[in-house]
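Undergrad: Provided herewith: entry.txt, compact mmCIF, C-alpha atoms (C1' of nucleotides).
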```txt
# COMPACT_ATOMS: atom_id res chain seq x y z
CA MET A 262 -11.86 -22.41 -10.83
CA THR A 263 -15.02 -20.68 -11.94
CA ASN A 264 -14.38 -17.10 -11.06
CA ARG A 265 -16.82 -14.30 -10.41
CA LEU A 266 -15.01 -12.45 -13.19
CA ASP A 267 -16.17 -15.10 -15.70
CA ASN A 268 -19.70 -13.83 -15.35
CA PHE A 269 -18.70 -10.18 -15.23
CA PHE A 270 -16.71 -10.27 -18.43
CA GLY A 271 -19.07 -12.75 -20.10
CA ALA A 272 -22.00 -10.45 -19.41
CA LEU A 273 -20.17 -7.53 -20.98
CA SER A 274 -19.09 -9.43 -24.10
CA ASP A 275 -22.43 -8.78 -25.81
CA PRO A 276 -23.38 -5.45 -27.41
CA THR A 277 -27.03 -5.67 -26.37
CA ARG A 278 -26.03 -6.14 -22.77
CA ARG A 279 -23.46 -3.34 -22.87
CA ALA A 280 -26.13 -1.08 -24.38
CA VAL A 281 -28.43 -1.92 -21.48
CA ILE A 282 -25.71 -1.02 -19.00
CA GLU A 283 -25.07 2.25 -20.82
CA ARG A 284 -28.78 3.06 -20.77
CA LEU A 285 -29.00 2.25 -17.07
CA THR A 286 -26.30 4.74 -16.17
CA GLU A 287 -28.96 7.34 -16.95
CA GLY A 288 -31.18 5.83 -14.31
CA PRO A 289 -33.39 2.81 -13.58
CA ALA A 290 -35.97 1.68 -16.11
CA PRO A 291 -38.70 -0.92 -16.54
CA VAL A 292 -38.07 -3.97 -18.74
CA LYS A 293 -40.40 -2.72 -21.46
CA GLU A 294 -38.52 0.54 -21.85
CA LEU A 295 -35.13 -1.18 -21.87
CA HIS A 296 -36.37 -3.61 -24.49
CA ALA A 297 -37.86 -0.99 -26.83
CA PRO A 298 -34.70 0.04 -28.76
CA HIS A 299 -33.60 -3.56 -29.34
CA ASP A 300 -34.88 -5.39 -32.38
CA MET A 301 -35.43 -8.78 -30.78
CA ALA A 302 -38.25 -10.74 -29.18
CA LEU A 303 -38.98 -9.96 -25.55
CA PRO A 304 -38.10 -13.44 -24.20
CA THR A 305 -34.72 -13.18 -25.91
CA PHE A 306 -34.15 -9.81 -24.31
CA LEU A 307 -35.19 -11.16 -20.91
CA LYS A 308 -32.41 -13.73 -21.14
CA HIS A 309 -29.89 -10.97 -21.66
CA LEU A 310 -31.28 -9.19 -18.62
CA SER A 311 -31.01 -12.28 -16.48
CA LYS A 312 -27.37 -12.71 -17.50
CA LEU A 313 -26.70 -9.20 -16.31
CA GLU A 314 -28.51 -10.00 -13.09
CA GLU A 315 -26.59 -13.28 -12.58
CA ALA A 316 -23.36 -11.41 -13.07
CA GLY A 317 -24.47 -8.98 -10.36
CA LEU A 318 -24.31 -6.05 -12.76
CA VAL A 319 -27.94 -5.10 -12.24
CA ARG A 320 -30.65 -5.60 -9.66
CA THR A 321 -34.36 -5.78 -10.40
CA VAL A 322 -37.45 -5.14 -8.34
CA LYS A 323 -40.94 -6.09 -9.40
CA LYS A 324 -43.84 -3.95 -8.31
CA GLY A 325 -47.26 -4.83 -9.62
CA ARG A 326 -46.71 -5.98 -13.18
CA VAL A 327 -43.67 -3.78 -13.77
CA ARG A 328 -40.11 -4.96 -13.16
CA THR A 329 -37.68 -2.10 -12.68
CA VAL A 330 -34.00 -2.61 -13.41
CA HIS A 331 -31.11 -0.65 -11.96
CA ILE A 332 -27.38 -0.82 -12.29
CA GLU A 333 -25.00 -2.03 -9.60
CA ALA A 334 -21.71 -0.13 -9.62
CA ALA A 335 -19.54 -2.42 -7.48
CA PRO A 336 -18.91 -5.16 -10.09
CA LEU A 337 -17.92 -2.55 -12.67
CA ALA A 338 -15.34 -1.33 -10.19
CA ASP A 339 -14.14 -4.92 -9.57
CA ALA A 340 -13.56 -5.65 -13.24
CA GLU A 341 -11.95 -2.26 -13.66
CA ASP A 342 -9.59 -3.12 -10.83
CA TRP A 343 -8.55 -6.41 -12.38
CA LEU A 344 -7.79 -4.76 -15.72
CA SER A 345 -6.02 -1.90 -14.06
CA LYS A 346 -3.86 -4.24 -12.02
CA GLN A 347 -2.77 -6.23 -15.07
CA ARG A 348 -2.07 -3.12 -17.07
CA LYS A 349 -0.07 -1.52 -14.30
CA VAL A 350 2.08 -4.56 -13.67
CA TRP A 351 2.76 -4.80 -17.36
CA GLU A 352 3.42 -1.11 -17.81
CA GLY A 353 5.59 -1.10 -14.71
CA ARG A 354 7.62 -3.83 -16.28
CA LEU A 355 7.91 -1.84 -19.49
CA ASP A 356 9.11 1.14 -17.50
CA ARG A 357 11.80 -0.90 -15.81
CA LEU A 358 12.92 -2.25 -19.17
CA THR A 359 13.06 1.29 -20.52
CA GLN A 360 15.16 2.38 -17.56
CA LEU A 361 17.45 -0.56 -18.10
CA ALA A 362 17.84 0.32 -21.73
CA GLU A 363 18.50 3.97 -20.91
CA SER A 364 21.08 3.16 -18.26
CA LYS A 365 23.01 1.05 -20.70
CA PRO A 366 26.29 2.50 -21.89
CA LYS A 367 26.19 3.42 -25.61
CA MET B 250 -23.08 -3.93 -34.33
CA THR B 251 -20.19 -6.26 -33.56
CA ASN B 252 -17.98 -4.20 -31.37
CA ARG B 253 -14.29 -4.54 -30.68
CA LEU B 254 -15.28 -4.77 -27.03
CA ASP B 255 -17.16 -8.03 -27.73
CA ASN B 256 -13.87 -9.76 -28.33
CA PHE B 257 -12.06 -8.00 -25.49
CA PHE B 258 -14.60 -8.94 -22.86
CA GLY B 259 -15.25 -12.34 -24.42
CA ALA B 260 -11.56 -13.16 -24.28
CA LEU B 261 -11.42 -12.23 -20.60
CA SER B 262 -14.50 -14.24 -19.63
CA ASP B 263 -12.48 -17.46 -19.34
CA PRO B 264 -10.23 -18.27 -16.34
CA THR B 265 -7.58 -19.99 -18.45
CA ARG B 266 -7.26 -16.94 -20.64
CA ARG B 267 -7.18 -14.53 -17.71
CA ALA B 268 -4.47 -16.70 -16.13
CA VAL B 269 -2.44 -16.41 -19.34
CA ILE B 270 -2.78 -12.62 -19.25
CA GLU B 271 -1.73 -12.56 -15.61
CA ARG B 272 1.28 -14.72 -16.39
CA LEU B 273 2.23 -12.51 -19.33
CA THR B 274 2.38 -9.40 -17.16
CA GLU B 275 5.58 -10.95 -15.80
CA GLY B 276 7.04 -10.98 -19.28
CA PRO B 277 6.77 -12.75 -22.66
CA ALA B 278 6.87 -16.54 -22.82
CA PRO B 279 6.84 -19.35 -25.37
CA VAL B 280 3.65 -21.35 -25.93
CA LYS B 281 5.03 -24.44 -24.23
CA GLU B 282 5.76 -22.57 -21.01
CA LEU B 283 2.38 -20.85 -21.00
CA HIS B 284 0.68 -24.17 -21.54
CA ALA B 285 2.54 -26.07 -18.80
CA PRO B 286 0.43 -25.07 -15.76
CA HIS B 287 -2.85 -25.76 -17.54
CA ASP B 288 -4.24 -29.27 -17.41
CA MET B 289 -5.55 -29.45 -20.95
CA ALA B 290 -4.39 -30.71 -24.33
CA LEU B 291 -2.12 -28.39 -26.30
CA PRO B 292 -4.54 -27.87 -29.23
CA THR B 293 -7.21 -26.80 -26.75
CA PHE B 294 -4.80 -24.35 -25.19
CA LEU B 295 -3.83 -23.04 -28.61
CA LYS B 296 -7.45 -22.12 -29.24
CA HIS B 297 -7.46 -20.03 -26.09
CA LEU B 298 -4.29 -18.31 -27.23
CA SER B 299 -5.73 -17.50 -30.61
CA LYS B 300 -8.80 -15.98 -28.97
CA LEU B 301 -6.52 -13.71 -27.02
CA GLU B 302 -4.71 -12.83 -30.19
CA GLU B 303 -7.92 -12.16 -32.14
CA ALA B 304 -9.02 -9.86 -29.34
CA GLY B 305 -5.73 -8.01 -29.71
CA LEU B 306 -4.77 -8.75 -26.10
CA VAL B 307 -1.54 -10.49 -27.07
CA ARG B 308 0.86 -10.56 -29.97
CA THR B 309 2.96 -13.55 -30.99
CA VAL B 310 6.19 -13.93 -32.90
CA LYS B 311 7.52 -17.22 -34.17
CA LYS B 312 11.25 -17.77 -34.38
CA GLY B 313 12.46 -21.21 -35.38
CA ARG B 314 10.05 -23.66 -33.86
CA VAL B 315 9.23 -21.47 -30.85
CA ARG B 316 6.34 -19.03 -30.78
CA THR B 317 6.76 -16.31 -28.20
CA VAL B 318 3.70 -14.56 -26.79
CA HIS B 319 3.58 -11.10 -25.27
CA ILE B 320 0.85 -8.95 -23.82
CA GLU B 321 -0.56 -5.85 -25.48
CA ALA B 322 -1.49 -3.18 -22.96
CA ALA B 323 -3.65 -0.89 -25.11
CA PRO B 324 -6.80 -3.07 -25.20
CA LEU B 325 -6.68 -3.50 -21.43
CA ALA B 326 -6.72 0.26 -21.18
CA ASP B 327 -9.64 0.47 -23.64
CA ALA B 328 -11.81 -1.93 -21.68
CA GLU B 329 -10.83 -0.21 -18.47
CA ASP B 330 -11.94 3.09 -19.98
CA TRP B 331 -15.34 1.74 -20.95
CA LEU B 332 -15.96 0.37 -17.47
CA SER B 333 -14.68 3.50 -15.86
CA LYS B 334 -16.91 5.70 -18.00
CA GLN B 335 -20.05 3.72 -17.10
CA ARG B 336 -19.18 3.65 -13.44
CA LYS B 337 -18.47 7.36 -13.31
CA VAL B 338 -21.69 8.34 -15.07
CA TRP B 339 -23.60 6.11 -12.69
CA GLU B 340 -21.80 7.30 -9.60
CA GLY B 341 -22.14 10.90 -10.73
CA ARG B 342 -25.84 10.33 -10.96
CA LEU B 343 -25.91 8.87 -7.48
CA ASP B 344 -24.10 11.94 -6.22
CA ARG B 345 -26.65 14.24 -7.78
CA LEU B 346 -29.47 12.22 -6.25
CA THR B 347 -27.78 12.45 -2.88
CA GLN B 348 -27.46 16.20 -3.23
CA LEU B 349 -31.12 16.42 -4.20
CA ALA B 350 -32.10 14.39 -1.18
CA GLU B 351 -29.94 16.53 1.10
CA SER B 352 -31.28 19.82 -0.26
CA LYS B 353 -34.84 18.75 0.42
CA PRO B 354 -36.55 20.49 3.30
CA LYS B 355 -37.21 18.13 6.21
C1' DG C 25 20.13 -38.11 -41.49
C1' DT C 26 17.16 -39.67 -37.79
C1' DA C 27 14.92 -38.58 -33.75
C1' DA C 28 13.10 -35.43 -30.52
C1' DA C 29 10.79 -31.02 -29.71
C1' DA C 30 7.46 -27.38 -30.62
C1' DG C 31 3.73 -26.26 -32.55
C1' DA C 32 -0.24 -26.57 -36.26
C1' DT C 33 -4.24 -28.66 -38.48
C1' DA C 34 -8.31 -31.63 -38.97
C1' DG C 35 -12.12 -33.68 -37.34
C1' DC C 36 -15.18 -34.99 -33.71
C1' DC C 37 -18.29 -34.27 -29.67
C1' DA C 38 -21.13 -32.28 -25.71
C1' DA C 39 -22.72 -28.34 -23.60
C1' DA C 40 -23.79 -23.53 -23.59
C1' DT C 41 -25.48 -19.45 -26.04
C1' DT C 42 -28.65 -16.84 -28.69
C1' DA C 43 -32.38 -16.57 -31.21
C1' DC C 44 -37.46 -17.73 -32.24
C1' DT C 45 -42.86 -18.72 -31.49
C1' DA C 46 -46.66 -20.01 -28.76
C1' DA C 47 -49.05 -20.12 -24.73
C1' DC C 48 -49.51 -18.69 -19.95
C1' DT C 49 -49.97 -15.65 -15.48
C1' DA C 50 -50.57 -11.77 -13.23
C1' DT C 51 -52.12 -6.99 -12.67
C1' DC C 52 -54.20 -2.85 -13.95
C1' DT C 53 -58.12 -0.12 -16.49
C1' DT C 54 -62.51 0.80 -17.79
C1' DA D 193 -65.81 -8.83 -15.49
C1' DA D 194 -63.44 -8.16 -20.01
C1' DG D 195 -59.62 -6.63 -22.24
C1' DA D 196 -55.21 -4.73 -22.40
C1' DT D 197 -50.58 -4.55 -20.47
C1' DA D 198 -46.22 -6.39 -18.66
C1' DG D 199 -43.79 -10.10 -18.01
C1' DT D 200 -42.96 -15.30 -17.77
C1' DT D 201 -42.42 -20.09 -19.18
C1' DA D 202 -41.82 -23.89 -22.40
C1' DG D 203 -40.09 -25.86 -26.24
C1' DT D 204 -37.28 -25.66 -30.57
C1' DA D 205 -33.35 -24.74 -33.68
C1' DA D 206 -28.76 -22.88 -35.20
C1' DT D 207 -24.24 -21.50 -33.71
C1' DT D 208 -20.42 -21.05 -30.82
C1' DT D 209 -17.45 -22.78 -27.28
C1' DG D 210 -14.31 -25.65 -25.08
C1' DG D 211 -12.73 -29.92 -24.86
C1' DC D 212 -10.55 -34.32 -27.02
C1' DT D 213 -7.38 -37.56 -30.26
C1' DA D 214 -4.78 -38.33 -34.19
C1' DT D 215 -1.84 -36.77 -37.58
C1' DC D 216 1.25 -33.50 -39.86
C1' DT D 217 5.07 -29.99 -40.53
C1' DT D 218 8.98 -27.76 -39.25
C1' DT D 219 12.92 -27.05 -36.83
C1' DT D 220 16.75 -28.27 -33.91
C1' DA D 221 20.07 -31.80 -31.70
C1' DC D 222 22.70 -35.83 -31.78
```
Kindly transcribe the structure held in the file into structure tokens.

TA:
Amino acid sequence: MTNRLDNFFGALSDPTRRAVIERLTEGPAPVKELHAPHDMALPTFLKHLSKLEEAGLVRTVKKGRVRTVHIEAAPLADAEDWLSKQRKVWEGRLDRLTQLAESKPK
Amino acid sequence: MTNRLDNFFGALSDPTRRAVIERLTEGPAPVKELHAPHDMALPTFLKHLSKLEEAGLVRTVKKGRVRTVHIEAAPLADAEDWLSKQRKVWEGRLDRLTQLAESKPK
DNA sequence: GTAAAAGATAGCCAAATTACTAACTATCTT
DNA sequence: AAGATAGTTAGTAATTTGGCTATCTTTTAC
């Protein structure tokens, strides 16, 4: 049962990769620019990028010698939905318990 | 920069652990019951549980020889917020681009 | 008070993850 | 056409992850 969500959440469990996503919300950027603020070797950074790409969180297009990366919103929405569903079920249950407690005679 | 979100997302990147969270939305349960549907040794399962606990996604209370596990909604909301923020910034940007494109003279 | 039940701890292993350096391929620029 | 620029690939090492078995401790239940 290897779920699509495995890759989504796995990709987001690393601060470097979350920082890349945050940067990309400001618009697409080439690999070099994305790499600049991170104190690690380029090949290491490329692996992070390819994890994001495998998880479907970003797409990349290479033109000439420059690879441009941009964010893909749909998976963010998917993960958000999963979390939201769990939270709502749970909070709904809490609400019902609260009602039960309140309807109890003192 | 080891973020709290590392553990949140890391904990949710495994199907066994997500299944436990889903089960717990129906209400608290003892370890034995949570373990039952998963085809793995108990110590292995316990490690998954403690990851969830380290991430703050569940709390556990031991009474007698039974440890009861329940879900903690707040972290779900936190992760949801992060995702939502990124998505909204990105989608907001898309909207502005669309407006730009539409306001261009043909 | 012995045995069963519920979980905890220790130690082991294979595979995946995250990092590095070194060397290579393409594509501009001059 | 030489050199610089932007990535890519290969190979290595340390750590973490996710799994196991075996053993141990603490509660109940009979």

Undergrad: Would you compute the distance between atom C1' of DC36 of chain C and atom CA of Leu295 of chain B? Give it in Å to one decimal.

TA: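 Here the two named atoms are 17.3 Å from each other.
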
Undergrad: Both chains have the same sequence, so superpose chain A on chain B over all Cα atoms paired in order and return it as a PDB file with C-alpha atoms, in the coordinates of the input.

TA:
```pdb
ATOM      1  CA  MET A 262     -23.049  -3.869 -34.409  1.00  0.00           C
ATOM      2  CA  THR A 263     -20.211  -6.224 -33.631  1.00  0.00           C
ATOM      3  CA  ASN A 264     -17.989  -4.175 -31.426  1.00  0.00           C
ATOM      4  CA  ARG A 265     -14.301  -4.522 -30.722  1.00  0.00           C
ATOM      5  CA  LEU A 266     -15.304  -4.764 -27.067  1.00  0.00           C
ATOM      6  CA  ASP A 267     -17.159  -8.033 -27.799  1.00  0.00           C
ATOM      7  CA  ASN A 268     -13.848  -9.737 -28.374  1.00  0.00           C
ATOM      8  CA  PHE A 269     -12.095  -7.965 -25.524  1.00  0.00           C
ATOM      9  CA  PHE A 270     -14.633  -8.933 -22.912  1.00  0.00           C
ATOM     10  CA  GLY A 271     -15.274 -12.351 -24.467  1.00  0.00           C
ATOM     11  CA  ALA A 272     -11.570 -13.132 -24.314  1.00  0.00           C
ATOM     12  CA  LEU A 273     -11.454 -12.209 -20.643  1.00  0.00           C
ATOM     13  CA  SER A 274     -14.536 -14.229 -19.676  1.00  0.00           C
ATOM     14  CA  ASP A 275     -12.497 -17.429 -19.353  1.00  0.00           C
ATOM     15  CA  PRO A 276     -10.268 -18.229 -16.362  1.00  0.00           C
ATOM     16  CA  THR A 277      -7.600 -19.950 -18.453  1.00  0.00           C
ATOM     17  CA  ARG A 278      -7.279 -16.904 -20.644  1.00  0.00           C
ATOM     18  CA  ARG A 279      -7.207 -14.500 -17.700  1.00  0.00           C
ATOM     19  CA  ALA A 280      -4.494 -16.665 -16.128  1.00  0.00           C
ATOM     20  CA  VAL A 281      -2.462 -16.374 -19.321  1.00  0.00           C
ATOM     21  CA  ILE A 282      -2.800 -12.600 -19.248  1.00  0.00           C
ATOM     22  CA  GLU A 283      -1.752 -12.532 -15.600  1.00  0.00           C
ATOM     23  CA  ARG A 284       1.272 -14.694 -16.378  1.00  0.00           C
ATOM     24  CA  LEU A 285       2.222 -12.473 -19.303  1.00  0.00           C
ATOM     25  CA  THR A 286       2.365  -9.370 -17.146  1.00  0.00           C
ATOM     26  CA  GLU A 287       5.555 -10.921 -15.781  1.00  0.00           C
ATOM     27  CA  GLY A 288       7.003 -10.949 -19.257  1.00  0.00           C
ATOM     28  CA  PRO A 289       6.774 -12.738 -22.616  1.00  0.00           C
ATOM     29  CA  ALA A 290       6.850 -16.520 -22.770  1.00  0.00           C
ATOM     30  CA  PRO A 291       6.825 -19.344 -25.305  1.00  0.00           C
ATOM     31  CA  VAL A 292       3.625 -21.339 -25.873  1.00  0.00           C
ATOM     32  CA  LYS A 293       5.017 -24.416 -24.147  1.00  0.00           C
ATOM     33  CA  GLU A 294       5.746 -22.537 -20.945  1.00  0.00           C
ATOM     34  CA  LEU A 295       2.354 -20.820 -20.940  1.00  0.00           C
ATOM     35  CA  HIS A 296       0.656 -24.157 -21.477  1.00  0.00           C
ATOM     36  CA  ALA A 297       2.517 -26.031 -18.723  1.00  0.00           C
ATOM     37  CA  PRO A 298       0.383 -25.026 -15.688  1.00  0.00           C
ATOM     38  CA  HIS A 299      -2.906 -25.733 -17.474  1.00  0.00           C
ATOM     39  CA  ASP A 300      -4.337 -29.220 -17.345  1.00  0.00           C
ATOM     40  CA  MET A 301      -5.603 -29.418 -20.911  1.00  0.00           C
ATOM     41  CA  ALA A 302      -4.422 -30.696 -24.276  1.00  0.00           C
ATOM     42  CA  LEU A 303      -2.120 -28.407 -26.220  1.00  0.00           C
ATOM     43  CA  PRO A 304      -4.490 -27.870 -29.187  1.00  0.00           C
ATOM     44  CA  THR A 305      -7.193 -26.784 -26.752  1.00  0.00           C
ATOM     45  CA  PHE A 306      -4.802 -24.335 -25.163  1.00  0.00           C
ATOM     46  CA  LEU A 307      -3.764 -23.013 -28.574  1.00  0.00           C
ATOM     47  CA  LYS A 308      -7.378 -22.084 -29.254  1.00  0.00           C
ATOM     48  CA  HIS A 309      -7.449 -20.018 -26.097  1.00  0.00           C
ATOM     49  CA  LEU A 310      -4.268 -18.291 -27.209  1.00  0.00           C
ATOM     50  CA  SER A 311      -5.692 -17.489 -30.604  1.00  0.00           C
ATOM     51  CA  LYS A 312      -8.770 -15.945 -28.986  1.00  0.00           C
ATOM     52  CA  LEU A 313      -6.502 -13.678 -27.011  1.00  0.00           C
ATOM     53  CA  GLU A 314      -4.656 -12.830 -30.198  1.00  0.00           C
ATOM     54  CA  GLU A 315      -7.892 -12.146 -32.138  1.00  0.00           C
ATOM     55  CA  ALA A 316      -9.007  -9.847 -29.374  1.00  0.00           C
ATOM     56  CA  GLY A 317      -5.707  -7.984 -29.726  1.00  0.00           C
ATOM     57  CA  LEU A 318      -4.768  -8.733 -26.130  1.00  0.00           C
ATOM     58  CA  VAL A 319      -1.538 -10.474 -27.071  1.00  0.00           C
ATOM     59  CA  ARG A 320       0.874 -10.578 -29.973  1.00  0.00           C
ATOM     60  CA  THR A 321       2.968 -13.575 -30.962  1.00  0.00           C
ATOM     61  CA  VAL A 322       6.190 -13.971 -32.877  1.00  0.00           C
ATOM     62  CA  LYS A 323       7.520 -17.266 -34.132  1.00  0.00           C
ATOM     63  CA  LYS A 324      11.243 -17.793 -34.327  1.00  0.00           C
ATOM     64  CA  GLY A 325      12.483 -21.198 -35.354  1.00  0.00           C
ATOM     65  CA  ARG A 326      10.085 -23.660 -33.777  1.00  0.00           C
ATOM     66  CA  VAL A 327       9.276 -21.462 -30.787  1.00  0.00           C
ATOM     67  CA  ARG A 328       6.350 -19.040 -30.728  1.00  0.00           C
ATOM     68  CA  THR A 329       6.763 -16.304 -28.148  1.00  0.00           C
ATOM     69  CA  VAL A 330       3.711 -14.553 -26.751  1.00  0.00           C
ATOM     70  CA  HIS A 331       3.579 -11.090 -25.238  1.00  0.00           C
ATOM     71  CA  ILE A 332       0.859  -8.930 -23.830  1.00  0.00           C
ATOM     72  CA  GLU A 333      -0.551  -5.829 -25.491  1.00  0.00           C
ATOM     73  CA  ALA A 334      -1.517  -3.153 -22.974  1.00  0.00           C
ATOM     74  CA  ALA A 335      -3.689  -0.881 -25.131  1.00  0.00           C
ATOM     75  CA  PRO A 336      -6.834  -3.076 -25.230  1.00  0.00           C
ATOM     76  CA  LEU A 337      -6.723  -3.498 -21.454  1.00  0.00           C
ATOM     77  CA  ALA A 338      -6.758   0.274 -21.205  1.00  0.00           C
ATOM     78  CA  ASP A 339      -9.676   0.477 -23.687  1.00  0.00           C
ATOM     79  CA  ALA A 340     -11.859  -1.924 -21.736  1.00  0.00           C
ATOM     80  CA  GLU A 341     -10.877  -0.205 -18.520  1.00  0.00           C
ATOM     81  CA  ASP A 342     -11.995   3.080 -20.029  1.00  0.00           C
ATOM     82  CA  TRP A 343     -15.391   1.741 -21.021  1.00  0.00           C
ATOM     83  CA  LEU A 344     -16.025   0.363 -17.534  1.00  0.00           C
ATOM     84  CA  SER A 345     -14.746   3.495 -15.915  1.00  0.00           C
ATOM     85  CA  LYS A 346     -16.979   5.676 -18.050  1.00  0.00           C
ATOM     86  CA  GLN A 347     -20.101   3.686 -17.186  1.00  0.00           C
ATOM     87  CA  ARG A 348     -19.262   3.623 -13.518  1.00  0.00           C
ATOM     88  CA  LYS A 349     -18.558   7.327 -13.387  1.00  0.00           C
ATOM     89  CA  VAL A 350     -21.748   8.314 -15.150  1.00  0.00           C
ATOM     90  CA  TRP A 351     -23.686   6.103 -12.807  1.00  0.00           C
ATOM     91  CA  GLU A 352     -21.884   7.264  -9.699  1.00  0.00           C
ATOM     92  CA  GLY A 353     -22.212  10.861 -10.829  1.00  0.00           C
ATOM     93  CA  ARG A 354     -25.911  10.314 -11.063  1.00  0.00           C
ATOM     94  CA  LEU A 355     -25.963   8.816  -7.584  1.00  0.00           C
ATOM     95  CA  ASP A 356     -24.107  11.841  -6.286  1.00  0.00           C
ATOM     96  CA  ARG A 357     -26.624  14.208  -7.806  1.00  0.00           C
ATOM     97  CA  LEU A 358     -29.461  12.202  -6.290  1.00  0.00           C
ATOM     98  CA  THR A 359     -27.733  12.349  -2.919  1.00  0.00           C
ATOM     99  CA  GLN A 360     -27.360  16.108  -3.228  1.00  0.00           C
ATOM    100  CA  LEU A 361     -31.000  16.394  -4.151  1.00  0.00           C
ATOM    101  CA  ALA A 362     -31.993  14.353  -1.159  1.00  0.00           C
ATOM    102  CA  GLU A 363     -29.760  16.393   1.139  1.00  0.00           C
ATOM    103  CA  SER A 364     -31.057  19.710  -0.146  1.00  0.00           C
ATOM    104  CA  LYS A 365     -34.599  18.664   0.557  1.00  0.00           C
ATOM    105  CA  PRO A 366     -36.273  20.385   3.474  1.00  0.00           C
ATOM    106  CA  LYS A 367     -36.944  17.972   6.375  1.00  0.00           C
TER     107      LYS A 367
END
```

Undergrad: Would you be able to write out as number ranges by chain which residues have an atom within 9 Å of (-18.4, -36.1, -27.8) in the file's coordinates, counting only C-alpha atoms (C1' of nucleotides)?

TA: C: 36-38; D: 211-212

Undergrad: Report as a ChimeraX atom specification the set of chain D residues whose atoms approach chain B to within 10 Å, with distances computed over all atoms listed in the file.

TA: /D:210-213,218-220

Undergrad: Mind giving me the straight-line distance from atom CA of Leu318 of chain A to atom CA of Pro324 of chain B in Å, one decimal?

TA: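 Pair atom CA of Leu318 of chain A / atom CA of Pro324 of chain B returns 21.7 Å.
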
Undergrad: Please, what distance in Å, to one decimal, runs between atom CA of Ala335 of chain A and atom CA of Leu332 of chain B?

TA: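 Atom-to-atom, atom CA of Ala335 of chain A and atom CA of Leu332 of chain B are spaced 11.0 Å apart.
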
Undergrad: Find the residues of chain B in contact range of chain A, meaning any atom within 12 Å when counting all atoms listed in the file, and list them as a PyMOL selection string.

TA: chain B and resi 250-277+287+304+306+319-343+345-346

Undergrad: Distance limit 9 Å, atoms considered: all atoms listed in the file. Which chain C residues sit that close to chain A? Return them as a list in words.

TA: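 So the residues of chain C near chain A are DT42, DA43, DC44, DA50, DT51 and DC52 of chain C.
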
Undergrad: Mind checking which residues fall within 7 Å of Val330 of chain A, counting only C-alpha atoms (C1' of nucleotides), ignoring those fewer than 2 positions away in the same chain, and posting them as a list in words?

TA: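 Within the cut-off, the hits are Pro289, Ala290, Pro291, Val292, Val319, Arg320, Thr321, Val322, Arg328 and Ile332 of chain A.
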